[in-house]
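**Student:** Got a structure for you, questions after.
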Amino acid sequence: MSEPSAIFSQRPLFAALAMIGAGASFALVNGALQASTMQLGVPSTSAAFWQYALGLVVALPWVLRRGVSALKTRQIGWHLLRAGLAVIGIQLWVAGLARVEIWQAIALVMTSPFFVILGAKLFFGERVGLVRWLATIAGFSGGMVILQPWTEAFSWAAVLPVGAAAFWGGTSLVTKKLTETEHADSITVYLLLLLTPVNAVLALGDGGIVPSGDALWLLIGAGGLTVVANYLLTLAYQKADATFVQPFDHLKLPLNIAVGFIAFGFAPTGAFWPGALVIVGASLLVMLDEQKRSAREATALGKA
């Protein structure tokens with residue numbers, strides 16, 4: 001295999017693994033947030049603040065190993081936009097986790113790929129083939145099968161994760177834009193630096209509780225894992241198009257289901273199983289499609 005061919009085949013695989021790793025880290029974060037809010041009574045605004053404030057403490061020594069160069073940027077406007085979108089998404093998401101079970105919240109937030117696919121097409125001009133459109137729609141439909149919003153069991157609190165999905169879709173697109181010129185370390189630390197003061201104001205407005213005991217340890221863990229998850233997410237967008245890596249975000253559903261069941265005994269309805277199969281199948285379909293595209297590009301490059 002030629003060197004260009006190896007590069008084309010490895011980059012999508014690395015991006016997919018980074019996205020899956022981010023999903024696993026976020027699943028553990030969600031479990032910690034739900035335990036601290038739903039079970040231990042920490043207000044959602046305070047949980048969101050401490051999650052990212054502690055994440056900033058964990059991240060700074062790691063990120064600043066490159067010195068002050070990690071803070072150099074010519075894209076401060078994009079960083080501010082990303083932080084603004086992210087903070088709204090975070091507040092909506094944590095508020096949702098405080099009110100609905102993990103599996104239900106995740107099923108709803110899986111509408112995010114729709115916003116990402118549409119935005120990538122409209123703002124970045126990325127080519128979205130038929131396979132990717134169909135796979136994304138299939139993943140969204142699988143989430144709806146799991147949620148069953150047409151039943152009496154549906155709670156309006158579950159609308160909160162849908163709002164989070166919309167704002168996080170915008171955050172993902174801005175992340176992709178930043179990766180064109182910014183280092184992954186810089187993107188990560190700027191998000192944490194900008195999120196922390198905004199989250200602090202929101203937490204103070206809601207009473208500003210200082211966690212202790214188990215709640216404190218849970219939020220410390222959530223903070224550290226948030227750093228890992230965001231860094232892996234940034235790397236995923238660096239290595240492949242947003243329309244390719246986003247469907248792998250669907251795999252967060254079974255990961256969160258596992259965390260919810262092991263930690264809280266939350267078990268989804270029987271509709272979860274066919275929905276999950278559709279989601280996983282759609283993600284695998286996109287991966288196979290990307291591999292075929294990479295092979296064609298490698299072949300074309302070899303003939304050039």
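Order determines the names: the first chain of the structure tokens is A, the second B, and so forth; residues in each chain are numbered 1 upward, and ligands are numbered 1 upward as they are shown.
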Quick one: residues within 7 Å of Pro247 (chain A), only C-alpha atoms, excluding same-chain residues fewer than 3 positions away - as a list in words?

**Tutor:**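 Near Pro247 (chain A), the qualifying residues are Pro113, Thr136, Phe244, His250 and Ser283 of chain A.
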
**Student:** Create the file for the chosen residues now, containing N, CA, C and O atoms and written as a short mmCIF file (atom, residue, chain, number, x, y, z; two decimals), in the first residue's frame.

**Tutor:**
data_model
loop_
_atom_site.label_atom_id
_atom_site.label_comp_id
_atom_site.auth_asym_id
_atom_site.auth_seq_id
_atom_site.Cartn_x
_atom_site.Cartn_y
_atom_site.Cartn_z
N PRO A 113 -27.43 15.34 14.95
CA PRO A 113 -26.86 15.13 13.61
C PRO A 113 -27.65 15.81 12.50
O PRO A 113 -27.06 16.23 11.50
N THR A 136 -28.27 9.29 8.38
CA THR A 136 -28.60 10.27 9.42
C THR A 136 -30.09 10.24 9.73
O THR A 136 -30.50 10.28 10.91
N PHE A 244 -19.15 12.97 8.14
CA PHE A 244 -18.71 11.59 8.35
C PHE A 244 -18.69 11.23 9.82
O PHE A 244 -19.22 10.20 10.23
N HIS A 250 -24.06 8.59 17.26
CA HIS A 250 -25.20 7.75 17.62
C HIS A 250 -24.82 6.65 18.60
O HIS A 250 -25.66 6.16 19.37
N SER A 283 -24.74 3.97 11.55
CA SER A 283 -23.36 4.41 11.77
C SER A 283 -22.37 3.54 11.01
O SER A 283 -21.41 4.03 10.40
#

**Student:** Give me, as a list of chain:residue names, all polymer residues having an atom no more than 6 Å from region 159-174 of chain A, counting only C-alpha atoms and skipping those fewer than 4 positions away in the same chain.

**Tutor:** A:Arg82, A:Leu85, A:Ala86, A:Gly89, A:Leu92, A:Trp93, A:Gly96, A:Ala105, A:Leu108, A:Val109, A:Ser112, A:Phe115, A:Val116

**Student:** I'd like a table as CSV: residues in region 77-116 of chain A with an atom no more than 6 Å from region 34-56 of chain A, each row giving the shortest atom pair and its distance in Å to one decimal, only C-alpha atoms counted, sorted by chain and rising residue number.

**Tutor:**
residue,atom,partner,partner_atom,distance
A:Val94,CA,A:Ser44,CA,5.6
A:Ala95,CA,A:Ser44,CA,5.3
A:Leu97,CA,A:Gln34,CA,5.5
A:Ala98,CA,A:Met38,CA,4.8

**Student:** When distances are computed from only C-alpha atoms, which of A:Thr111, A:Val245, A:Ala295, A:Pro12 shows the smallest separation from Ala138 (chain A)?

**Tutor:**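 Closest residue, counting only C-alpha atoms: A:Thr111.
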
**Student:** Val259 (chain A): which residues within 8 Å, counting only C-alpha atoms, same-chain residues fewer than 3 positions away excluded, as a ChimeraX atom specification?

**Tutor:** /A:27-28,31,255-256,262-264

**Student:** Using the selection just defined, write its residues with N, CA and C atoms as a PDB file, in the first residue's frame.

**Tutor:**
ATOM      1  N   ALA A  27     -20.724   9.651  28.274  1.00  0.00           N
ATOM      2  CA  ALA A  27     -21.686   8.780  28.958  1.00  0.00           C
ATOM      3  C   ALA A  27     -21.392   8.737  30.456  1.00  0.00           C
ATOM      4  N   LEU A  28     -20.123   8.643  30.814  1.00  0.00           N
ATOM      5  CA  LEU A  28     -19.748   8.644  32.227  1.00  0.00           C
ATOM      6  C   LEU A  28     -20.023  10.007  32.863  1.00  0.00           C
ATOM      7  N   GLY A  31     -23.718  10.217  33.598  1.00  0.00           N
ATOM      8  CA  GLY A  31     -24.058   9.447  34.781  1.00  0.00           C
ATOM      9  C   GLY A  31     -23.730  10.208  36.055  1.00  0.00           C
ATOM     10  N   LEU A 255     -24.015   3.361  24.926  1.00  0.00           N
ATOM     11  CA  LEU A 255     -23.066   3.644  26.004  1.00  0.00           C
ATOM     12  C   LEU A 255     -23.778   4.277  27.198  1.00  0.00           C
ATOM     13  N   ASN A 256     -24.671   5.218  26.934  1.00  0.00           N
ATOM     14  CA  ASN A 256     -25.417   5.857  28.014  1.00  0.00           C
ATOM     15  C   ASN A 256     -26.441   4.914  28.620  1.00  0.00           C
ATOM     16  N   ILE A 262     -26.448   0.361  34.851  1.00  0.00           N
ATOM     17  CA  ILE A 262     -25.503  -0.077  35.879  1.00  0.00           C
ATOM     18  C   ILE A 262     -25.568   0.826  37.117  1.00  0.00           C
ATOM     19  N   ALA A 263     -25.653   2.149  36.875  1.00  0.00           N
ATOM     20  CA  ALA A 263     -25.598   3.090  37.992  1.00  0.00           C
ATOM     21  C   ALA A 263     -26.941   3.308  38.683  1.00  0.00           C
ATOM     22  N   PHE A 264     -28.034   3.304  37.911  1.00  0.00           N
ATOM     23  CA  PHE A 264     -29.326   3.686  38.487  1.00  0.00           C
ATOM     24  C   PHE A 264     -30.416   2.632  38.325  1.00  0.00           C
TER      25      PHE A 264
END

**Student:** Which value, in Å to one decimal, gives the distance between CA of Met19 (chain A) and CA of Asp289 (chain A)?

**Tutor:**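 Taking CA of Met19 (chain A) and CA of Asp289 (chain A), their separation equals 17.0 Å.
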
**Student:** Could you name the residues that touch Ala271 (chain A) at 12 Å or less, counting only C-alpha atoms, but leaving out those on the same chain fewer than 3 positions away, as a ChimeraX atom specification?

**Tutor:** /A:103-104,107,141-149,267-268,274-278

**Student:** Those same residues, written as a PDB file, in the first residue's frame with N, CA and C atoms?

**Tutor:**
ATOM      1  N   TRP A 103     -31.453   7.354  29.202  1.00  0.00           N
ATOM      2  CA  TRP A 103     -31.748   6.792  27.882  1.00  0.00           C
ATOM      3  C   TRP A 103     -32.718   7.679  27.118  1.00  0.00           C
ATOM      4  N   GLN A 104     -33.669   8.297  27.807  1.00  0.00           N
ATOM      5  CA  GLN A 104     -34.631   9.166  27.135  1.00  0.00           C
ATOM      6  C   GLN A 104     -33.960  10.461  26.669  1.00  0.00           C
ATOM      7  N   ALA A 107     -31.761   9.744  23.637  1.00  0.00           N
ATOM      8  CA  ALA A 107     -32.554   9.522  22.425  1.00  0.00           C
ATOM      9  C   ALA A 107     -32.968  10.847  21.802  1.00  0.00           C
ATOM     10  N   SER A 141     -34.573   8.520  13.181  1.00  0.00           N
ATOM     11  CA  SER A 141     -35.804   7.731  13.305  1.00  0.00           C
ATOM     12  C   SER A 141     -35.676   6.674  14.395  1.00  0.00           C
ATOM     13  N   GLY A 142     -34.487   6.064  14.490  1.00  0.00           N
ATOM     14  CA  GLY A 142     -34.261   5.093  15.558  1.00  0.00           C
ATOM     15  C   GLY A 142     -34.404   5.718  16.928  1.00  0.00           C
ATOM     16  N   GLY A 143     -33.902   6.965  17.066  1.00  0.00           N
ATOM     17  CA  GLY A 143     -34.055   7.666  18.333  1.00  0.00           C
ATOM     18  C   GLY A 143     -35.508   7.934  18.667  1.00  0.00           C
ATOM     19  N   MET A 144     -36.286   8.269  17.660  1.00  0.00           N
ATOM     20  CA  MET A 144     -37.703   8.525  17.893  1.00  0.00           C
ATOM     21  C   MET A 144     -38.459   7.248  18.261  1.00  0.00           C
ATOM     22  N   VAL A 145     -38.049   6.121  17.670  1.00  0.00           N
ATOM     23  CA  VAL A 145     -38.680   4.849  18.033  1.00  0.00           C
ATOM     24  C   VAL A 145     -38.442   4.548  19.506  1.00  0.00           C
ATOM     25  N   ILE A 146     -37.230   4.840  19.969  1.00  0.00           N
ATOM     26  CA  ILE A 146     -36.890   4.603  21.377  1.00  0.00           C
ATOM     27  C   ILE A 146     -37.667   5.558  22.289  1.00  0.00           C
ATOM     28  N   LEU A 147     -37.784   6.816  21.874  1.00  0.00           N
ATOM     29  CA  LEU A 147     -38.438   7.815  22.709  1.00  0.00           C
ATOM     30  C   LEU A 147     -39.954   7.641  22.770  1.00  0.00           C
ATOM     31  N   GLN A 148     -40.562   7.356  21.638  1.00  0.00           N
ATOM     32  CA  GLN A 148     -42.018   7.252  21.530  1.00  0.00           C
ATOM     33  C   GLN A 148     -42.724   8.499  22.084  1.00  0.00           C
ATOM     34  N   PRO A 149     -42.502   9.660  21.463  1.00  0.00           N
ATOM     35  CA  PRO A 149     -43.090  10.903  21.976  1.00  0.00           C
ATOM     36  C   PRO A 149     -44.604  10.966  21.830  1.00  0.00           C
ATOM     37  N   ALA A 267     -33.982   1.252  32.970  1.00  0.00           N
ATOM     38  CA  ALA A 267     -34.074   0.324  31.842  1.00  0.00           C
ATOM     39  C   ALA A 267     -35.038   0.879  30.811  1.00  0.00           C
ATOM     40  N   PRO A 268     -34.624   0.962  29.558  1.00  0.00           N
ATOM     41  CA  PRO A 268     -35.513   1.483  28.517  1.00  0.00           C
ATOM     42  C   PRO A 268     -36.629   0.510  28.194  1.00  0.00           C
ATOM     43  N   PRO A 274     -35.063  -2.316  18.806  1.00  0.00           N
ATOM     44  CA  PRO A 274     -35.046  -2.066  17.357  1.00  0.00           C
ATOM     45  C   PRO A 274     -34.488  -0.691  17.010  1.00  0.00           C
ATOM     46  N   GLY A 275     -34.775   0.306  17.850  1.00  0.00           N
ATOM     47  CA  GLY A 275     -34.231   1.632  17.586  1.00  0.00           C
ATOM     48  C   GLY A 275     -32.718   1.655  17.640  1.00  0.00           C
ATOM     49  N   ALA A 276     -32.154   0.971  18.644  1.00  0.00           N
ATOM     50  CA  ALA A 276     -30.697   0.928  18.779  1.00  0.00           C
ATOM     51  C   ALA A 276     -30.051   0.217  17.602  1.00  0.00           C
ATOM     52  N   LEU A 277     -30.671  -0.853  17.127  1.00  0.00           N
ATOM     53  CA  LEU A 277     -30.134  -1.576  15.966  1.00  0.00           C
ATOM     54  C   LEU A 277     -30.105  -0.684  14.732  1.00  0.00           C
ATOM     55  N   VAL A 278     -31.149   0.119  14.552  1.00  0.00           N
ATOM     56  CA  VAL A 278     -31.185   1.040  13.420  1.00  0.00           C
ATOM     57  C   VAL A 278     -30.058   2.068  13.526  1.00  0.00           C
TER      58      VAL A 278
END

**Student:** Out of A:Ala240, A:Ala282, A:Leu204, A:Leu225, which residue has the shortest atom-to-atom distance to Ala24 (chain A) when counting only C-alpha atoms?

**Tutor:**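 For Ala24 (chain A), the nearest of the candidates is A:Leu225.
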
**Student:** One decimal, Å: what's the distance from CA of Gly223 (chain A) over to CA of Ala59 (chain A), could you say?

**Tutor:**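 Value for the CA of Gly223 (chain A)-CA of Ala59 (chain A) distance: 9.1 Å.
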
**Student:** I need the alpha helix (DSSP H) residues of region 45-203 of chain A per DSSP on the backbone, written as number ranges by chain.

**Tutor:** A: 45-63, 76-97, 102-109, 112-123, 130-147, 159-178, 184-203

**Student:** Calculate how many Å separate CA of Lys72 (chain A) from CA of Phe123 (chain A), rounding to one decimal.

**Tutor:**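 Distance between the two atoms: 25.6 Å.
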
**Student:** Extract, using only C-alpha atoms, all DNA, RNA and protein residues at most 12 Å from Gly77 (chain A), discarding same-chain residues fewer than 2 positions from it, and format them as a ChimeraX atom specification.

**Tutor:** /A:73-75,79-84,174,177-178,190,194
